[in-house]
file upload-v6.pdb (PDB, C-alpha atoms)
ATOM      1  CA  MET A  75     -52.687  72.066 -17.483
ATOM      2  CA  SER A  76     -49.453  71.497 -19.302
ATOM      3  CA  ASP A  77     -46.568  69.478 -17.980
ATOM      4  CA  SER A  78     -43.276  70.157 -19.612
ATOM      5  CA  VAL A  79     -39.964  68.363 -19.217
ATOM      6  CA  VAL A  80     -36.687  69.401 -20.806
ATOM      7  CA  VAL A  81     -34.195  66.566 -21.160
ATOM      8  CA  PRO A  82     -30.633  67.628 -22.000
ATOM      9  CA  ILE A  83     -29.130  65.299 -24.589
ATOM     10  CA  GLU A  84     -25.357  65.190 -24.309
ATOM     11  CA  ARG A  85     -24.418  61.553 -24.366
ATOM     12  CA  GLU A  86     -26.034  58.367 -25.555
ATOM     13  CA  THR A  87     -27.312  57.375 -22.094
ATOM     14  CA  ASP A  88     -29.483  60.523 -22.259
ATOM     15  CA  ILE A  89     -31.390  58.856 -25.124
ATOM     16  CA  VAL A  90     -32.641  56.215 -22.679
ATOM     17  CA  CYS A  91     -33.484  58.935 -20.153
ATOM     18  CA  ALA A  92     -35.477  60.939 -22.733
ATOM     19  CA  ARG A  93     -37.545  57.983 -23.868
ATOM     20  CA  GLN A  94     -38.265  56.873 -20.298
ATOM     21  CA  LYS A  95     -39.433  60.360 -19.356
ATOM     22  CA  GLY A  96     -41.501  60.485 -22.530
ATOM     23  CA  ARG A  97     -43.146  57.180 -21.737
ATOM     24  CA  ALA A  98     -43.935  58.307 -18.181
ATOM     25  CA  LEU A  99     -45.446  61.559 -19.426
ATOM     26  CA  ALA A 100     -47.428  59.703 -22.096
ATOM     27  CA  ALA A 101     -48.757  57.276 -19.485
ATOM     28  CA  ALA A 102     -49.757  60.162 -17.216
ATOM     29  CA  ALA A 103     -51.533  61.847 -20.151
ATOM     30  CA  GLY A 104     -53.587  58.711 -20.702
ATOM     31  CA  PHE A 105     -51.897  57.153 -23.742
ATOM     32  CA  LEU A 106     -52.361  53.401 -24.103
ATOM     33  CA  SER A 107     -49.352  51.127 -23.815
ATOM     34  CA  THR A 108     -49.041  50.708 -27.601
ATOM     35  CA  ASP A 109     -48.964  54.464 -28.154
ATOM     36  CA  GLN A 110     -46.532  54.914 -25.257
ATOM     37  CA  THR A 111     -44.171  52.567 -27.075
ATOM     38  CA  LEU A 112     -44.618  54.418 -30.383
ATOM     39  CA  LEU A 113     -43.831  57.696 -28.601
ATOM     40  CA  ALA A 114     -40.818  56.264 -26.766
ATOM     41  CA  THR A 115     -39.480  54.870 -30.051
ATOM     42  CA  ALA A 116     -39.927  58.195 -31.877
ATOM     43  CA  ILE A 117     -38.183  60.025 -29.006
ATOM     44  CA  SER A 118     -35.346  57.516 -29.164
ATOM     45  CA  GLU A 119     -34.856  58.211 -32.885
ATOM     46  CA  VAL A 120     -34.794  62.023 -32.657
ATOM     47  CA  ALA A 121     -32.632  61.991 -29.504
ATOM     48  CA  ARG A 122     -30.150  59.693 -31.208
ATOM     49  CA  ASN A 123     -29.994  62.046 -34.160
ATOM     50  CA  ILE A 124     -28.873  64.783 -31.768
ATOM     51  CA  VAL A 125     -26.128  62.596 -30.281
ATOM     52  CA  SER A 126     -24.978  61.297 -33.684
ATOM     53  CA  TYR A 127     -24.953  64.519 -35.646
ATOM     54  CA  ALA A 128     -24.970  67.511 -33.293
ATOM     55  CA  GLY A 129     -23.281  66.122 -30.188
ATOM     56  CA  LYS A 130     -25.662  67.850 -27.841
ATOM     57  CA  GLY A 131     -29.079  69.432 -27.670
ATOM     58  CA  THR A 132     -32.369  69.079 -25.847
ATOM     59  CA  VAL A 133     -35.586  67.102 -26.064
ATOM     60  CA  THR A 134     -38.589  68.952 -24.687
ATOM     61  CA  LEU A 135     -41.652  66.896 -23.830
ATOM     62  CA  GLN A 136     -44.943  68.608 -23.230
ATOM     63  CA  THR A 137     -48.538  67.587 -22.823
ATOM     64  CA  VAL A 138     -50.680  69.790 -25.054
ATOM     65  CA  GLN A 139     -54.354  70.594 -25.475
ATOM     66  CA  GLU A 140     -55.934  71.808 -28.667
ATOM     67  CA  GLY A 141     -59.595  72.042 -29.513
ATOM     68  CA  GLY A 142     -60.629  69.609 -26.807
ATOM     69  CA  ARG A 143     -58.042  66.982 -27.624
ATOM     70  CA  ARG A 144     -54.964  66.100 -25.640
ATOM     71  CA  GLY A 145     -51.602  65.034 -26.868
ATOM     72  CA  LEU A 146     -47.896  64.891 -26.311
ATOM     73  CA  SER A 147     -45.593  67.218 -28.143
ATOM     74  CA  ILE A 148     -41.902  66.496 -28.568
ATOM     75  CA  VAL A 149     -39.363  69.089 -29.647
ATOM     76  CA  ALA A 150     -35.816  67.937 -30.388
ATOM     77  CA  SER A 151     -33.526  70.870 -30.805
ATOM     78  CA  ASP A 152     -29.812  71.295 -31.363
ATOM     79  CA  ASN A 153     -27.249  73.840 -32.502
ATOM     80  CA  GLY A 154     -25.407  71.305 -34.615
ATOM     81  CA  PRO A 155     -24.264  71.436 -38.227
ATOM     82  CA  GLY A 156     -27.797  71.374 -39.592
ATOM     83  CA  ILE A 157     -29.127  69.244 -42.436
ATOM     84  CA  GLU A 158     -28.157  70.309 -45.933
ATOM     85  CA  ASN A 159     -30.955  68.587 -47.761
ATOM     86  CA  VAL A 160     -34.045  68.244 -45.571
ATOM     87  CA  GLU A 161     -36.040  66.502 -48.281
ATOM     88  CA  LEU A 162     -33.330  63.887 -48.701
ATOM     89  CA  ALA A 163     -33.025  63.401 -44.918
ATOM     90  CA  MET A 164     -36.721  62.534 -44.814
ATOM     91  CA  ARG A 165     -36.337  59.839 -47.443
ATOM     92  CA  ASP A 166     -36.418  56.226 -46.242
ATOM     93  CA  GLY A 167     -33.001  54.611 -46.292
ATOM     94  CA  TYR A 168     -31.086  57.833 -46.798
ATOM     95  CA  SER A 169     -28.220  58.269 -44.377
ATOM     96  CA  THR A 170     -24.924  60.113 -44.334
ATOM     97  CA  GLY A 171     -23.485  56.915 -42.940
ATOM     98  CA  LYS A 172     -24.261  56.627 -39.259
ATOM     99  CA  SER A 173     -27.572  54.816 -39.354
ATOM    100  CA  LEU A 174     -30.119  52.815 -41.302
ATOM    101  CA  GLY A 175     -31.614  56.060 -42.559
ATOM    102  CA  LEU A 176     -34.969  55.247 -40.982
ATOM    103  CA  GLY A 177     -34.717  57.564 -37.982
ATOM    104  CA  LEU A 178     -36.459  60.722 -39.152
ATOM    105  CA  PRO A 179     -38.884  59.258 -41.715
ATOM    106  CA  GLY A 180     -39.599  56.468 -39.224
ATOM    107  CA  ALA A 181     -40.302  58.902 -36.398
ATOM    108  CA  LYS A 182     -42.657  60.770 -38.718
ATOM    109  CA  ARG A 183     -44.652  57.579 -39.340
ATOM    110  CA  LEU A 184     -44.971  56.994 -35.590
ATOM    111  CA  MET A 185     -46.421  60.455 -34.912
ATOM    112  CA  ASP A 186     -49.518  62.393 -36.018
ATOM    113  CA  SER A 187     -47.665  65.523 -36.990
ATOM    114  CA  PHE A 188     -44.015  66.094 -37.764
ATOM    115  CA  ALA A 189     -42.046  69.150 -38.815
ATOM    116  CA  LEU A 190     -38.343  69.398 -39.512
ATOM    117  CA  GLU A 191     -36.605  72.763 -39.645
ATOM    118  CA  SER A 192     -32.906  72.958 -40.225
ATOM    119  CA  VAL A 193     -30.446  75.673 -41.099
ATOM    120  CA  VAL A 194     -26.920  74.693 -42.078
ATOM    121  CA  GLY A 195     -24.460  75.949 -39.491
ATOM    122  CA  VAL A 196     -27.239  76.976 -37.116
ATOM    123  CA  GLY A 197     -29.052  73.861 -36.028
ATOM    124  CA  THR A 198     -31.966  71.507 -36.377
ATOM    125  CA  LYS A 199     -35.376  71.414 -34.762
ATOM    126  CA  VAL A 200     -37.851  68.573 -34.990
ATOM    127  CA  THR A 201     -41.357  69.236 -33.693
ATOM    128  CA  MET A 202     -43.752  66.324 -33.500
ATOM    129  CA  THR A 203     -47.054  65.590 -31.805
ATOM    130  CA  LYS A 204     -49.191  62.572 -31.114
ATOM    131  CA  TRP A 205     -52.831  62.923 -30.069
ATOM    132  CA  LEU A 206     -54.774  60.750 -27.666
ATOM    133  CA  ARG A 207     -57.197  58.506 -29.473
TER     134      ARG A 207
ATOM    135  CA  MET B  44     -25.088  48.380 -17.452
ATOM    136  CA  PRO B  45     -23.562  45.349 -19.207
ATOM    137  CA  VAL B  46     -25.899  42.663 -20.499
ATOM    138  CA  PRO B  47     -25.637  39.433 -18.461
ATOM    139  CA  VAL B  48     -24.777  36.378 -20.577
ATOM    140  CA  LEU B  49     -25.484  32.850 -19.302
ATOM    141  CA  LYS B  50     -24.077  29.660 -20.742
ATOM    142  CA  GLN B  51     -26.426  26.702 -20.950
ATOM    143  CA  GLY B  52     -24.831  23.737 -22.680
ATOM    144  CA  SER B  53     -23.838  24.822 -26.161
ATOM    145  CA  VAL B  54     -26.087  27.891 -26.036
ATOM    146  CA  LEU B  55     -25.355  31.411 -24.802
ATOM    147  CA  ILE B  56     -28.300  33.357 -23.418
ATOM    148  CA  ALA B  57     -28.119  37.154 -23.318
ATOM    149  CA  SER B  58     -30.881  38.785 -21.282
ATOM    150  CA  ILE B  59     -31.214  42.392 -22.301
ATOM    151  CA  GLN B  60     -32.492  44.764 -19.616
ATOM    152  CA  ALA B  61     -34.797  47.735 -20.094
ATOM    153  CA  ALA B  62     -32.420  50.679 -19.843
ATOM    154  CA  LEU B  63     -30.080  49.534 -22.539
ATOM    155  CA  SER B  64     -27.719  52.126 -23.930
ATOM    156  CA  ASP B  65     -26.148  52.033 -27.388
ATOM    157  CA  ARG B  66     -22.772  51.281 -25.846
ATOM    158  CA  ASP B  67     -24.143  48.295 -23.872
ATOM    159  CA  LEU B  68     -25.434  46.814 -27.120
ATOM    160  CA  VAL B  69     -22.156  47.274 -28.950
ATOM    161  CA  GLU B  70     -20.312  45.733 -25.983
ATOM    162  CA  LEU B  71     -22.732  42.795 -26.053
ATOM    163  CA  ARG B  72     -21.910  42.232 -29.724
ATOM    164  CA  ASP B  73     -18.181  42.116 -29.020
ATOM    165  CA  ASP B  74     -18.635  40.024 -25.872
ATOM    166  CA  LEU B  75     -20.798  37.439 -27.670
ATOM    167  CA  ALA B  76     -18.440  37.148 -30.642
ATOM    168  CA  ASP B  77     -15.650  36.382 -28.166
ATOM    169  CA  ARG B  78     -17.655  33.943 -26.016
ATOM    170  CA  VAL B  79     -18.985  31.979 -28.983
ATOM    171  CA  GLY B  80     -15.373  31.054 -29.706
ATOM    172  CA  ARG B  81     -14.313  30.550 -26.104
ATOM    173  CA  HIS B  82     -17.229  28.266 -25.220
ATOM    174  CA  ARG B  83     -17.524  26.730 -28.693
ATOM    175  CA  SER B  84     -21.197  27.690 -28.626
ATOM    176  CA  ARG B  85     -23.571  26.603 -31.389
ATOM    177  CA  GLY B  86     -26.410  28.917 -30.522
ATOM    178  CA  VAL B  87     -27.127  32.366 -29.114
ATOM    179  CA  VAL B  88     -30.438  33.484 -27.643
ATOM    180  CA  ILE B  89     -30.999  37.208 -27.296
ATOM    181  CA  ASP B  90     -33.861  37.755 -24.889
ATOM    182  CA  VAL B  91     -35.419  41.198 -25.358
ATOM    183  CA  THR B  92     -38.513  40.578 -23.197
ATOM    184  CA  ALA B  93     -37.598  43.442 -20.848
ATOM    185  CA  LEU B  94     -36.838  45.870 -23.646
ATOM    186  CA  ASP B  95     -39.442  48.631 -24.009
ATOM    187  CA  VAL B  96     -38.128  50.021 -27.278
ATOM    188  CA  LEU B  97     -36.358  48.512 -30.269
ATOM    189  CA  ASP B  98     -35.384  51.493 -32.359
ATOM    190  CA  SER B  99     -33.329  51.616 -35.543
ATOM    191  CA  PHE B 100     -29.991  51.524 -33.747
ATOM    192  CA  ALA B 101     -30.922  48.583 -31.508
ATOM    193  CA  THR B 102     -32.336  46.659 -34.466
ATOM    194  CA  ARG B 103     -29.234  47.262 -36.549
ATOM    195  CA  THR B 104     -26.962  46.159 -33.687
ATOM    196  CA  ILE B 105     -28.975  43.007 -32.959
ATOM    197  CA  ARG B 106     -28.778  42.197 -36.651
ATOM    198  CA  SER B 107     -25.016  42.644 -36.585
ATOM    199  CA  ILE B 108     -24.782  40.444 -33.458
ATOM    200  CA  ALA B 109     -26.630  37.677 -35.292
ATOM    201  CA  TYR B 110     -24.498  37.970 -38.438
ATOM    202  CA  THR B 111     -21.282  38.085 -36.403
ATOM    203  CA  ALA B 112     -22.299  34.997 -34.396
ATOM    204  CA  LYS B 113     -23.224  33.220 -37.635
ATOM    205  CA  LEU B 114     -19.755  33.855 -39.036
ATOM    206  CA  ARG B 115     -18.386  32.360 -35.820
ATOM    207  CA  GLY B 116     -20.496  29.228 -36.301
ATOM    208  CA  ALA B 117     -23.469  29.941 -34.036
ATOM    209  CA  GLU B 118     -27.144  30.458 -34.836
ATOM    210  CA  THR B 119     -28.940  33.366 -33.166
ATOM    211  CA  VAL B 120     -32.560  33.503 -32.097
ATOM    212  CA  VAL B 121     -34.135  36.738 -30.889
ATOM    213  CA  VAL B 122     -36.874  36.020 -28.359
ATOM    214  CA  GLY B 123     -39.444  38.016 -26.418
ATOM    215  CA  ILE B 124     -40.203  40.948 -28.707
ATOM    216  CA  GLN B 125     -43.241  42.459 -26.981
ATOM    217  CA  PRO B 126     -46.382  43.014 -29.090
ATOM    218  CA  GLU B 127     -46.275  46.823 -28.866
ATOM    219  CA  VAL B 128     -42.553  46.812 -29.626
ATOM    220  CA  ALA B 129     -43.212  44.668 -32.712
ATOM    221  CA  PHE B 130     -45.945  47.080 -33.782
ATOM    222  CA  ALA B 131     -43.639  50.092 -33.384
ATOM    223  CA  MET B 132     -40.904  48.318 -35.371
ATOM    224  CA  VAL B 133     -43.302  47.650 -38.240
ATOM    225  CA  GLN B 134     -44.434  51.292 -38.249
ATOM    226  CA  LEU B 135     -40.845  52.463 -38.199
ATOM    227  CA  GLY B 136     -40.004  50.195 -41.134
ATOM    228  CA  LEU B 137     -37.630  47.937 -39.224
ATOM    229  CA  SER B 138     -37.206  44.227 -39.755
ATOM    230  CA  LEU B 139     -34.950  41.418 -38.617
ATOM    231  CA  ASP B 140     -34.629  39.834 -42.060
ATOM    232  CA  GLY B 141     -32.847  36.514 -42.083
ATOM    233  CA  ILE B 142     -32.782  36.287 -38.291
ATOM    234  CA  GLU B 143     -34.704  33.660 -36.367
ATOM    235  CA  THR B 144     -37.211  34.869 -33.810
ATOM    236  CA  ALA B 145     -39.286  32.989 -31.262
ATOM    237  CA  LEU B 146     -42.011  33.910 -28.819
ATOM    238  CA  ASP B 147     -40.025  33.340 -25.643
ATOM    239  CA  LEU B 148     -36.897  31.762 -24.201
ATOM    240  CA  GLU B 149     -38.426  28.278 -24.112
ATOM    241  CA  GLU B 150     -39.431  28.407 -27.786
ATOM    242  CA  GLY B 151     -36.056  29.857 -28.703
ATOM    243  CA  MET B 152     -34.166  27.050 -26.957
ATOM    244  CA  ALA B 153     -36.404  24.455 -28.635
ATOM    245  CA  LEU B 154     -35.715  26.009 -32.027
ATOM    246  CA  LEU B 155     -31.953  25.913 -31.483
ATOM    247  CA  GLN B 156     -32.126  22.302 -30.286
ATOM    248  CA  ALA B 157     -34.065  21.339 -33.410
ATOM    249  CA  ARG B 158     -31.437  23.073 -35.559
ATOM    250  CA  GLU B 159     -28.626  21.309 -33.758
ATOM    251  CA  ALA B 160     -30.347  17.928 -34.199
ATOM    252  CA  GLU B 161     -30.648  18.647 -37.944
ATOM    253  CA  ARG B 162     -27.000  19.577 -38.124
ATOM    254  CA  VAL B 163     -25.806  16.452 -36.306
ATOM    255  CA  GLY B 164     -28.173  14.383 -38.438
TER     256      GLY B 164
END
call {"tool": "encode", "arguments": {"input": "upload-v6.pdb", "output": "structure tokens"}}
result
Amino acid sequence: MSDSVVVPIERETDIVCARQKGRALAAAAGFLSTDQTLLATAISEVARNIVSYAGKGTVTLQTVQEGGRRGLSIVASDNGPGIENVELAMRDGYSTGKSLGLGLPGAKRLMDSFALESVVGVGTKVTMTKWLR
Amino acid sequence: MPVPVLKQGSVLIASIQAALSDRDLVELRDDLADRVGRHRSRGVVIDVTALDVLDSFATRTIRSIAYTAKLRGAETVVVGIQPEVAFAMVQLGLSLDGIETALDLEEGMALLQAREAERVG
């Protein structure tokens, strides 16, 4: 069983939509309220990154199973300008000026796994997963 | 959806609803800065009880609301941060440094009244 939802991110109100859908999916998957909030917050951060830097993209939410454990996987993908220095972007407090610089490193702390792939001029993809405890 | 703002005596109360967009928050900041002057308010309570997420943008904007109100002569208290929201904020590395917080609206109003009593002497 794997439920998957693709949320188009084109304007800032879509950020709210993505995190609400994420919370609903997390609740349905059996995540406790605290973890639902952590997931919704992480989704909010990556979705905002799309709006702020790429303009538009998608957030794909999917319940996943692996080796007997269940989780929620979140993929935030865009065809924006890409991130020149991925290592720098993952540093706390680093920002090119539109935020506190806690979005990506913060989202990483909220999740169990986190991967950032970015190619300048091609786009950015964040893949992150949280497992049920 | 704009954030409703109530006036109670010298205090403005902003009750933030769940589906708050970035724009609503920025509009609230501008609205409050204006009202503080218009109503000669001494305090602002931002009630976030209904808010399910306080991410980096929301935190930064609430901080700027509080600093703006302060420059206009009003103290701000943020009330009603839910336990799981507080936990997520800590994990994310967010704080509301230098901004008063209280458990709920009642505590927030009491805190502002105590401040006002101090100020009047």
call {"tool": "residues_near_point", "arguments": {"input": "upload-v6.pdb", "point": "(-38.6, 50.3, -41.2)", "cutoff": "9 Å", "atoms": "only C-alpha atoms", "output": "ChimeraX atom specification"}}
result
/A:166-167,174,176-177,179-180 /B:99,132-138
call {"tool": "residues_around", "arguments": {"input": "upload-v6.pdb", "residues": "Gly151 of chain B", "least_positions_apart": "6", "cutoff": "8 Å", "atoms": "all atoms listed in the file", "output": "ChimeraX atom specification"}}
result
/B:88,120-122,144-145
call {"tool": "resolve_selection", "arguments": {"input": "upload-v6.pdb", "expression": "the ChimeraX specification (/A :<12) & /B", "output": "PyMOL selection string"}}
result
chain B and resi 44+60-68+94-104+106+125-138
call {"tool": "resolve_selection", "arguments": {"input": "upload-v6.pdb", "expression": "the PyMOL selection byres ((chain A and resi 191) around 12)", "output": "list in words"}}
result
Val149, Ala150, Ser151, Asp152, Asn153, Gly156, Ile157, Glu158, Asn159, Val160, Glu161, Ala163, Met164, Phe188, Ala189, Leu190, Ser192, Val193, Val194, Val196, Gly197, Thr198, Lys199, Val200, Thr201 and Met202 of chain A
call {"tool": "closest_residue", "arguments": {"input": "upload-v6.pdb", "among": "B:Ile142, B:Ala117, B:Ala112, B:Leu155", "to": "Asp73 of chain B", "atoms": "all atoms listed in the file"}}
result
B:Ala112
call {"tool": "resolve_selection", "arguments": {"input": "upload-v6.pdb", "expression": "the PyMOL selection byres ((chain B and resi 51-57) around 7)", "output": "PyMOL selection string"}}
result
chain B and resi 46-50+58-59+84-90
call {"tool": "atom_distance", "arguments": {"input": "upload-v6.pdb", "atom1": "atom CA of His82 of chain B", "atom2": "atom CA of Thr119 of chain B"}}
result
15.0 Å
call {"tool": "axis_aligned_box", "arguments": {"input": "upload-v6.pdb", "around": "segment 195-200 of chain A", "padding_each_side": "3 Å", "output": "lines of an AutoDock Vina configuration file"}}
result
center_x = -31.2
center_y = 72.8
center_z = -37.1
size_x = 19.4
size_y = 14.4
size_z = 10.7
call {"tool": "atom_distance", "arguments": {"input": "upload-v6.pdb", "atom1": "atom CA of Val133 of chain A", "atom2": "atom CA of Val81 of chain A"}}
result
5.1 Å
call {"tool": "atom_distance", "arguments": {"input": "upload-v6.pdb", "atom1": "atom CA of Arg158 of chain B", "atom2": "atom CA of Ala93 of chain B"}}
result
25.9 Å
call {"tool": "residues_around", "arguments": {"input": "upload-v6.pdb", "residues": "segment 136-138 of chain A", "least_positions_apart": "4", "cutoff": "12 Å", "atoms": "all atoms listed in the file", "output": "tab-separated table (two decimals) with C-alpha atoms, keeping the file's coordinate frame"}}
result
chain	number	residue	atom	x	y	z
A	75	MET	CA	-52.69	72.07	-17.48
A	76	SER	CA	-49.45	71.50	-19.30
A	77	ASP	CA	-46.57	69.48	-17.98
A	78	SER	CA	-43.28	70.16	-19.61
A	79	VAL	CA	-39.96	68.36	-19.22
A	80	VAL	CA	-36.69	69.40	-20.81
A	81	VAL	CA	-34.20	66.57	-21.16
A	95	LYS	CA	-39.43	60.36	-19.36
A	96	GLY	CA	-41.50	60.48	-22.53
A	97	ARG	CA	-43.15	57.18	-21.74
A	98	ALA	CA	-43.94	58.31	-18.18
A	99	LEU	CA	-45.45	61.56	-19.43
A	100	ALA	CA	-47.43	59.70	-22.10
A	101	ALA	CA	-48.76	57.28	-19.48
A	102	ALA	CA	-49.76	60.16	-17.22
A	103	ALA	CA	-51.53	61.85	-20.15
A	104	GLY	CA	-53.59	58.71	-20.70
A	105	PHE	CA	-51.90	57.15	-23.74
A	142	GLY	CA	-60.63	69.61	-26.81
A	143	ARG	CA	-58.04	66.98	-27.62
A	144	ARG	CA	-54.96	66.10	-25.64
A	145	GLY	CA	-51.60	65.03	-26.87
A	146	LEU	CA	-47.90	64.89	-26.31
A	147	SER	CA	-45.59	67.22	-28.14
A	148	ILE	CA	-41.90	66.50	-28.57
A	149	VAL	CA	-39.36	69.09	-29.65
A	150	ALA	CA	-35.82	67.94	-30.39
A	201	THR	CA	-41.36	69.24	-33.69
A	202	MET	CA	-43.75	66.32	-33.50
A	203	THR	CA	-47.05	65.59	-31.80
A	204	LYS	CA	-49.19	62.57	-31.11
A	205	TRP	CA	-52.83	62.92	-30.07
A	206	LEU	CA	-54.77	60.75	-27.67
call {"tool": "build_atoms", "arguments": {"input": "upload-v6.pdb", "residues": "segment 182-202 of chain A", "atoms": "N, CA, C and O atoms", "output": "compact mmCIF listing (two decimals), in the frame of the given file"}}
result
# COMPACT_ATOMS: atom_id res chain seq x y z
N LYS A 182 -41.50 60.10 -38.13
CA LYS A 182 -42.66 60.77 -38.72
C LYS A 182 -43.85 59.81 -38.82
O LYS A 182 -44.98 60.17 -38.53
N ARG A 183 -43.56 58.56 -39.21
CA ARG A 183 -44.65 57.58 -39.34
C ARG A 183 -45.27 57.23 -37.99
O ARG A 183 -46.42 56.81 -37.92
N LEU A 184 -44.47 57.37 -36.91
CA LEU A 184 -44.97 56.99 -35.59
C LEU A 184 -45.84 58.09 -34.97
O LEU A 184 -46.56 57.84 -34.01
N MET A 185 -45.75 59.31 -35.52
CA MET A 185 -46.42 60.46 -34.91
C MET A 185 -47.58 60.93 -35.79
O MET A 185 -47.69 60.55 -36.94
N ASP A 186 -48.41 61.83 -35.23
CA ASP A 186 -49.52 62.39 -36.02
C ASP A 186 -49.07 63.61 -36.81
O ASP A 186 -49.55 63.85 -37.91
N SER A 187 -48.20 64.40 -36.22
CA SER A 187 -47.66 65.52 -36.99
C SER A 187 -46.16 65.60 -36.78
O SER A 187 -45.64 65.17 -35.74
N PHE A 188 -45.47 66.12 -37.78
CA PHE A 188 -44.02 66.09 -37.76
C PHE A 188 -43.51 67.24 -38.61
O PHE A 188 -43.93 67.41 -39.76
N ALA A 189 -42.64 68.07 -38.03
CA ALA A 189 -42.05 69.15 -38.82
C ALA A 189 -40.55 69.19 -38.56
O ALA A 189 -40.10 69.06 -37.42
N LEU A 190 -39.80 69.33 -39.62
CA LEU A 190 -38.34 69.40 -39.51
C LEU A 190 -37.87 70.73 -40.06
O LEU A 190 -38.15 71.09 -41.19
N GLU A 191 -37.20 71.50 -39.20
CA GLU A 191 -36.60 72.76 -39.65
C GLU A 191 -35.10 72.65 -39.41
O GLU A 191 -34.68 72.21 -38.34
N SER A 192 -34.35 73.04 -40.40
CA SER A 192 -32.91 72.96 -40.22
C SER A 192 -32.21 74.05 -41.03
O SER A 192 -32.58 74.31 -42.17
N VAL A 193 -31.25 74.67 -40.40
CA VAL A 193 -30.45 75.67 -41.10
C VAL A 193 -28.98 75.26 -40.97
O VAL A 193 -28.50 75.02 -39.84
N VAL A 194 -28.32 75.13 -42.09
CA VAL A 194 -26.92 74.69 -42.08
C VAL A 194 -26.08 75.67 -41.26
O VAL A 194 -26.16 76.88 -41.44
N GLY A 195 -25.33 75.12 -40.33
CA GLY A 195 -24.46 75.95 -39.49
C GLY A 195 -25.16 76.56 -38.28
O GLY A 195 -24.53 77.17 -37.44
N VAL A 196 -26.47 76.38 -38.22
CA VAL A 196 -27.24 76.98 -37.12
C VAL A 196 -27.84 75.89 -36.21
O VAL A 196 -27.70 75.94 -34.98
N GLY A 197 -28.48 74.93 -36.83
CA GLY A 197 -29.05 73.86 -36.03
C GLY A 197 -30.28 73.22 -36.65
O GLY A 197 -30.70 73.59 -37.75
N THR A 198 -30.82 72.28 -35.90
CA THR A 198 -31.97 71.51 -36.38
C THR A 198 -33.03 71.45 -35.29
O THR A 198 -32.71 71.36 -34.11
N LYS A 199 -34.28 71.51 -35.72
CA LYS A 199 -35.38 71.41 -34.76
C LYS A 199 -36.45 70.50 -35.34
O LYS A 199 -36.94 70.75 -36.45
N VAL A 200 -36.77 69.47 -34.60
CA VAL A 200 -37.85 68.57 -34.99
C VAL A 200 -39.00 68.79 -34.02
O VAL A 200 -38.80 68.73 -32.81
N THR A 201 -40.17 69.07 -34.54
CA THR A 201 -41.36 69.24 -33.69
C THR A 201 -42.37 68.18 -34.11
O THR A 201 -42.74 68.10 -35.28
N MET A 202 -42.78 67.36 -33.15
CA MET A 202 -43.75 66.32 -33.50
C MET A 202 -44.76 66.12 -32.38
O MET A 202 -44.47 66.34 -31.21
